[in-house]
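Asks: Dropping in my_file_31.txt, with compact mmCIF, N, CA and C atoms.
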```
# COMPACT_ATOMS: atom_id res chain seq x y z
N MET A 240 0.84 -1.17 0.00
CA MET A 240 0.00 0.00 0.00
C MET A 240 0.89 1.24 0.00
N LEU A 241 0.52 2.19 -0.82
CA LEU A 241 1.31 3.40 -0.94
C LEU A 241 0.93 4.41 0.13
N ARG A 242 1.92 5.04 0.67
CA ARG A 242 1.68 6.09 1.66
C ARG A 242 1.62 7.42 0.93
N ARG A 243 0.71 8.28 1.35
CA ARG A 243 0.64 9.61 0.77
C ARG A 243 0.47 10.63 1.87
N LYS A 244 0.73 11.85 1.54
CA LYS A 244 0.60 12.93 2.51
C LYS A 244 -0.87 13.17 2.81
N PRO A 245 -1.21 13.58 4.03
CA PRO A 245 -2.61 13.86 4.36
C PRO A 245 -3.17 14.98 3.50
N THR A 246 -4.42 14.82 3.13
CA THR A 246 -5.08 15.83 2.31
C THR A 246 -5.47 17.00 3.20
N ARG A 247 -5.23 18.18 2.71
CA ARG A 247 -5.56 19.38 3.48
C ARG A 247 -6.98 19.82 3.11
N LEU A 248 -7.80 20.02 4.13
CA LEU A 248 -9.16 20.50 3.93
C LEU A 248 -9.22 21.98 4.28
N GLU A 249 -9.84 22.73 3.40
CA GLU A 249 -9.96 24.16 3.64
C GLU A 249 -11.42 24.50 3.90
N LEU A 250 -11.65 25.30 4.93
CA LEU A 250 -12.98 25.74 5.28
C LEU A 250 -13.24 27.07 4.60
N LYS A 251 -14.29 27.08 3.76
CA LYS A 251 -14.59 28.29 3.01
C LYS A 251 -15.77 29.01 3.64
N LEU A 252 -15.96 30.26 3.29
CA LEU A 252 -17.03 31.08 3.82
C LEU A 252 -18.40 30.51 3.44
N ASP A 253 -18.52 29.97 2.23
CA ASP A 253 -19.78 29.36 1.80
C ASP A 253 -20.13 28.16 2.67
N ASP A 254 -19.12 27.38 3.02
CA ASP A 254 -19.35 26.21 3.88
C ASP A 254 -19.87 26.63 5.25
N ILE A 255 -19.29 27.69 5.80
CA ILE A 255 -19.71 28.18 7.11
C ILE A 255 -21.16 28.68 7.05
N GLU A 256 -21.49 29.43 6.00
CA GLU A 256 -22.85 29.95 5.86
C GLU A 256 -23.86 28.81 5.70
N GLU A 257 -23.51 27.79 4.92
CA GLU A 257 -24.39 26.65 4.74
C GLU A 257 -24.60 25.91 6.07
N PHE A 258 -23.53 25.74 6.81
CA PHE A 258 -23.62 25.08 8.12
C PHE A 258 -24.52 25.85 9.07
N GLU A 259 -24.36 27.16 9.10
CA GLU A 259 -25.17 28.00 9.99
C GLU A 259 -26.64 27.93 9.60
N SER A 260 -26.94 27.95 8.31
CA SER A 260 -28.35 27.90 7.89
C SER A 260 -28.98 26.55 8.22
N ILE A 261 -28.25 25.48 8.04
CA ILE A 261 -28.76 24.15 8.37
C ILE A 261 -28.96 24.03 9.87
N ARG A 262 -28.03 24.55 10.64
CA ARG A 262 -28.14 24.49 12.09
C ARG A 262 -29.36 25.27 12.59
N LYS A 263 -29.61 26.44 12.00
CA LYS A 263 -30.78 27.23 12.39
C LYS A 263 -32.06 26.49 12.03
N ASP A 264 -32.10 25.85 10.86
CA ASP A 264 -33.28 25.07 10.47
C ASP A 264 -33.53 23.93 11.46
N LEU A 265 -32.48 23.24 11.85
CA LEU A 265 -32.63 22.14 12.80
C LEU A 265 -33.11 22.64 14.16
N GLU A 266 -32.60 23.77 14.59
CA GLU A 266 -33.03 24.33 15.87
C GLU A 266 -34.50 24.73 15.83
N THR A 267 -34.96 25.33 14.74
CA THR A 267 -36.37 25.71 14.64
C THR A 267 -37.26 24.47 14.60
N ARG A 268 -36.83 23.43 13.89
CA ARG A 268 -37.61 22.18 13.86
C ARG A 268 -37.67 21.56 15.25
N LYS A 269 -36.55 21.60 15.97
CA LYS A 269 -36.52 21.03 17.32
C LYS A 269 -37.46 21.80 18.24
N LYS A 270 -37.46 23.13 18.13
CA LYS A 270 -38.35 23.94 18.96
C LYS A 270 -39.81 23.66 18.63
N GLN A 271 -40.13 23.52 17.33
CA GLN A 271 -41.49 23.21 16.94
C GLN A 271 -41.92 21.84 17.46
N LYS A 272 -41.01 20.88 17.39
CA LYS A 272 -41.31 19.54 17.87
C LYS A 272 -41.54 19.55 19.39
N GLU A 273 -40.73 20.31 20.11
CA GLU A 273 -40.90 20.42 21.55
C GLU A 273 -42.23 21.07 21.89
N GLU A 274 -42.63 22.09 21.12
CA GLU A 274 -43.91 22.75 21.36
C GLU A 274 -45.06 21.78 21.11
N VAL A 275 -44.95 20.97 20.07
CA VAL A 275 -45.99 19.99 19.77
C VAL A 275 -46.04 18.94 20.87
N ASP A 276 -44.88 18.51 21.37
CA ASP A 276 -44.84 17.52 22.44
C ASP A 276 -45.47 18.06 23.71
N VAL A 277 -45.22 19.33 24.02
CA VAL A 277 -45.77 19.93 25.22
C VAL A 277 -47.29 20.05 25.08
N VAL A 278 -47.78 20.49 23.93
CA VAL A 278 -49.21 20.65 23.71
C VAL A 278 -49.86 19.27 23.57
N GLY A 279 -49.24 18.35 22.84
CA GLY A 279 -49.81 17.03 22.61
C GLY A 279 -49.52 16.04 23.71
N GLY A 280 -48.82 16.42 24.74
CA GLY A 280 -48.46 15.50 25.82
C GLY A 280 -49.62 15.15 26.71
N SER A 281 -50.71 15.88 26.64
CA SER A 281 -51.85 15.63 27.51
C SER A 281 -52.75 14.51 27.01
N ASP A 282 -52.50 13.95 25.81
CA ASP A 282 -53.37 12.89 25.29
C ASP A 282 -53.05 11.52 25.86
N GLY A 283 -52.05 11.39 26.70
CA GLY A 283 -51.77 10.13 27.37
C GLY A 283 -50.73 9.27 26.67
N GLU A 284 -50.40 9.56 25.46
CA GLU A 284 -49.43 8.73 24.75
C GLU A 284 -48.05 8.84 25.35
N GLY A 285 -47.67 10.01 25.81
CA GLY A 285 -46.38 10.19 26.44
C GLY A 285 -46.27 9.40 27.73
N ALA A 286 -47.34 9.36 28.50
CA ALA A 286 -47.34 8.59 29.74
C ALA A 286 -47.31 7.11 29.44
N MET A 287 -47.93 6.69 28.36
CA MET A 287 -47.94 5.27 27.99
C MET A 287 -46.53 4.82 27.62
N GLY A 288 -45.75 5.69 27.01
CA GLY A 288 -44.40 5.34 26.64
C GLY A 288 -43.50 5.13 27.84
N LEU A 289 -43.86 5.70 28.99
CA LEU A 289 -43.03 5.57 30.18
C LEU A 289 -43.43 4.37 31.04
N SER A 290 -44.52 3.70 30.69
CA SER A 290 -44.97 2.58 31.52
C SER A 290 -43.99 1.42 31.40
N SER A 291 -43.98 0.59 32.44
CA SER A 291 -43.03 -0.52 32.47
C SER A 291 -43.66 -1.81 32.00
N ASP A 292 -44.92 -1.80 31.57
CA ASP A 292 -45.59 -3.00 31.10
C ASP A 292 -45.02 -3.40 29.74
N PRO A 293 -44.37 -4.57 29.65
CA PRO A 293 -43.72 -4.95 28.38
C PRO A 293 -44.73 -5.22 27.27
N LYS A 294 -45.94 -5.66 27.61
CA LYS A 294 -46.93 -5.95 26.57
C LYS A 294 -47.37 -4.66 25.89
N SER A 295 -47.67 -3.62 26.68
CA SER A 295 -48.10 -2.37 26.07
C SER A 295 -46.97 -1.73 25.28
N ARG A 296 -45.76 -1.89 25.75
CA ARG A 296 -44.60 -1.36 25.02
C ARG A 296 -44.45 -2.07 23.69
N GLU A 297 -44.63 -3.37 23.70
CA GLU A 297 -44.53 -4.16 22.46
C GLU A 297 -45.64 -3.77 21.50
N GLN A 298 -46.84 -3.59 22.01
CA GLN A 298 -47.96 -3.18 21.16
C GLN A 298 -47.72 -1.80 20.57
N MET A 299 -47.18 -0.90 21.38
CA MET A 299 -46.91 0.45 20.90
C MET A 299 -45.87 0.43 19.78
N ILE A 300 -44.85 -0.39 19.95
CA ILE A 300 -43.81 -0.49 18.91
C ILE A 300 -44.41 -1.10 17.65
N ASN A 301 -45.21 -2.15 17.80
CA ASN A 301 -45.83 -2.78 16.63
C ASN A 301 -46.73 -1.81 15.89
N GLU A 302 -47.49 -1.00 16.60
CA GLU A 302 -48.34 0.00 15.96
C GLU A 302 -47.50 1.04 15.23
N ARG A 303 -46.40 1.44 15.85
CA ARG A 303 -45.55 2.47 15.26
C ARG A 303 -44.92 2.01 13.95
N ILE A 304 -44.49 0.74 13.89
CA ILE A 304 -43.84 0.25 12.68
C ILE A 304 -44.82 -0.39 11.71
N GLY A 305 -46.09 -0.51 12.12
CA GLY A 305 -47.10 -1.05 11.23
C GLY A 305 -47.13 -2.56 11.18
N TYR A 306 -46.64 -3.22 12.20
CA TYR A 306 -46.62 -4.68 12.25
C TYR A 306 -47.88 -5.17 12.93
N LYS A 307 -48.59 -6.06 12.24
CA LYS A 307 -49.80 -6.64 12.80
C LYS A 307 -49.59 -8.14 12.93
N PRO A 308 -49.20 -8.62 14.11
CA PRO A 308 -48.92 -10.05 14.28
C PRO A 308 -50.18 -10.89 14.11
N GLN A 309 -50.02 -12.02 13.42
CA GLN A 309 -51.12 -12.96 13.22
C GLN A 309 -51.04 -14.04 14.30
N PRO A 310 -52.19 -14.49 14.82
CA PRO A 310 -52.14 -15.55 15.84
C PRO A 310 -51.62 -16.85 15.24
N LYS A 311 -50.86 -17.58 16.04
CA LYS A 311 -50.29 -18.84 15.57
C LYS A 311 -51.35 -19.93 15.59
N PRO A 312 -51.39 -20.79 14.55
CA PRO A 312 -52.35 -21.88 14.55
C PRO A 312 -52.00 -22.91 15.61
N SER A 313 -53.05 -23.52 16.22
CA SER A 313 -52.80 -24.43 17.33
C SER A 313 -52.86 -25.90 16.92
N ASN A 314 -53.49 -26.23 15.79
CA ASN A 314 -53.55 -27.63 15.39
C ASN A 314 -53.02 -27.83 13.98
N ARG A 315 -52.79 -29.07 13.60
CA ARG A 315 -52.18 -29.35 12.31
C ARG A 315 -53.11 -29.04 11.13
N SER A 316 -54.39 -29.22 11.28
CA SER A 316 -55.29 -28.96 10.17
C SER A 316 -55.26 -27.49 9.77
N SER A 317 -55.08 -26.60 10.73
CA SER A 317 -55.00 -25.19 10.39
C SER A 317 -53.65 -24.83 9.80
N GLN A 318 -52.62 -25.63 10.09
CA GLN A 318 -51.30 -25.36 9.53
C GLN A 318 -51.24 -25.74 8.06
N PHE A 319 -51.83 -26.88 7.74
CA PHE A 319 -51.69 -27.40 6.39
C PHE A 319 -52.96 -27.25 5.55
N GLY A 320 -54.01 -26.73 6.10
CA GLY A 320 -55.25 -26.60 5.38
C GLY A 320 -56.05 -27.90 5.48
N ASN A 321 -57.17 -27.94 4.81
CA ASN A 321 -58.01 -29.12 4.84
C ASN A 321 -57.81 -29.93 3.57
N PHE A 322 -56.88 -30.84 3.59
CA PHE A 322 -56.64 -31.72 2.45
C PHE A 322 -57.47 -32.98 2.64
N GLU A 323 -58.26 -33.32 1.64
CA GLU A 323 -59.06 -34.53 1.71
C GLU A 323 -58.55 -35.50 0.67
N PHE A 324 -58.27 -36.73 1.10
CA PHE A 324 -57.77 -37.74 0.17
C PHE A 324 -58.78 -38.80 -0.07
```
Once more with this new file: its structure as structure tokens, please.
Replies:
Amino acid sequence: MLRRKPTRLELKLDDIEEFESIRKDLETRKKQKEEVDVVGGSDGEGAMGLSSDPKSREQMINERIGYKPQPKPSNRSSQFGNFEF
């Protein structure tokens, strides 16, 4: 493997301005999200997220990701269908 000198990175004025604008956008979004959380925190969902019940936590995660678990079949006829010979 060939060794080479480290590449020098230069910080330009445009880069600084772009960084500042993106940072301000992120800060405003964060403030808006916090305001929504404070106003929307009274609907009980925030308190539900803090509960220690693993079943409700699992259900909340499944709802969030859109997973709808199907019940497992208990007998062989439901596993393989009704085959008549």
Asks: Go ahead and compute the interatomic distance for CA of Gln271 (chain A) and CA of Phe258 (chain A), in Å to one decimal.
Replies: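 It comes out at 20.0 Å.
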Asks: Edge lengths and centre in Å to one decimal, as JSON, of the axis-aligned box that encloses all listed atoms of region 255-258 of chain A with 4 Å added on every side?
Replies:
```
{"center_x": -21.9, "center_y": 27.5, "center_z": 6.9, "size_x": 13.3, "size_y": 12.9, "size_z": 12.3}
```
Asks: Taking the DSSP assignment computed from this structure's backbone, write out as JSON, numbers by chain all residues of region 244-279 of chain A that belong to helix (DSSP H, G or I).
Replies: {"A": [252, 253, 254, 255, 256, 257, 258, 259, 260, 261, 262, 263, 264, 265, 266, 267, 268, 269, 270, 271, 272, 273, 274, 275, 276, 277, 278, 279]}
Asks: Rounded to one decimal in Å, what is the spacing between atom C of Glu249 (chain A) and atom N of Glu266 (chain A)?
Replies: 23.7 Å
Asks: What is the distance, in Å and to one decimal place, between atom N of Glu302 (chain A) and atom N of Glu274 (chain A)?
Replies: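 Separating atom N of Glu302 (chain A) from atom N of Glu274 (chain A) is a distance of 24.0 Å.
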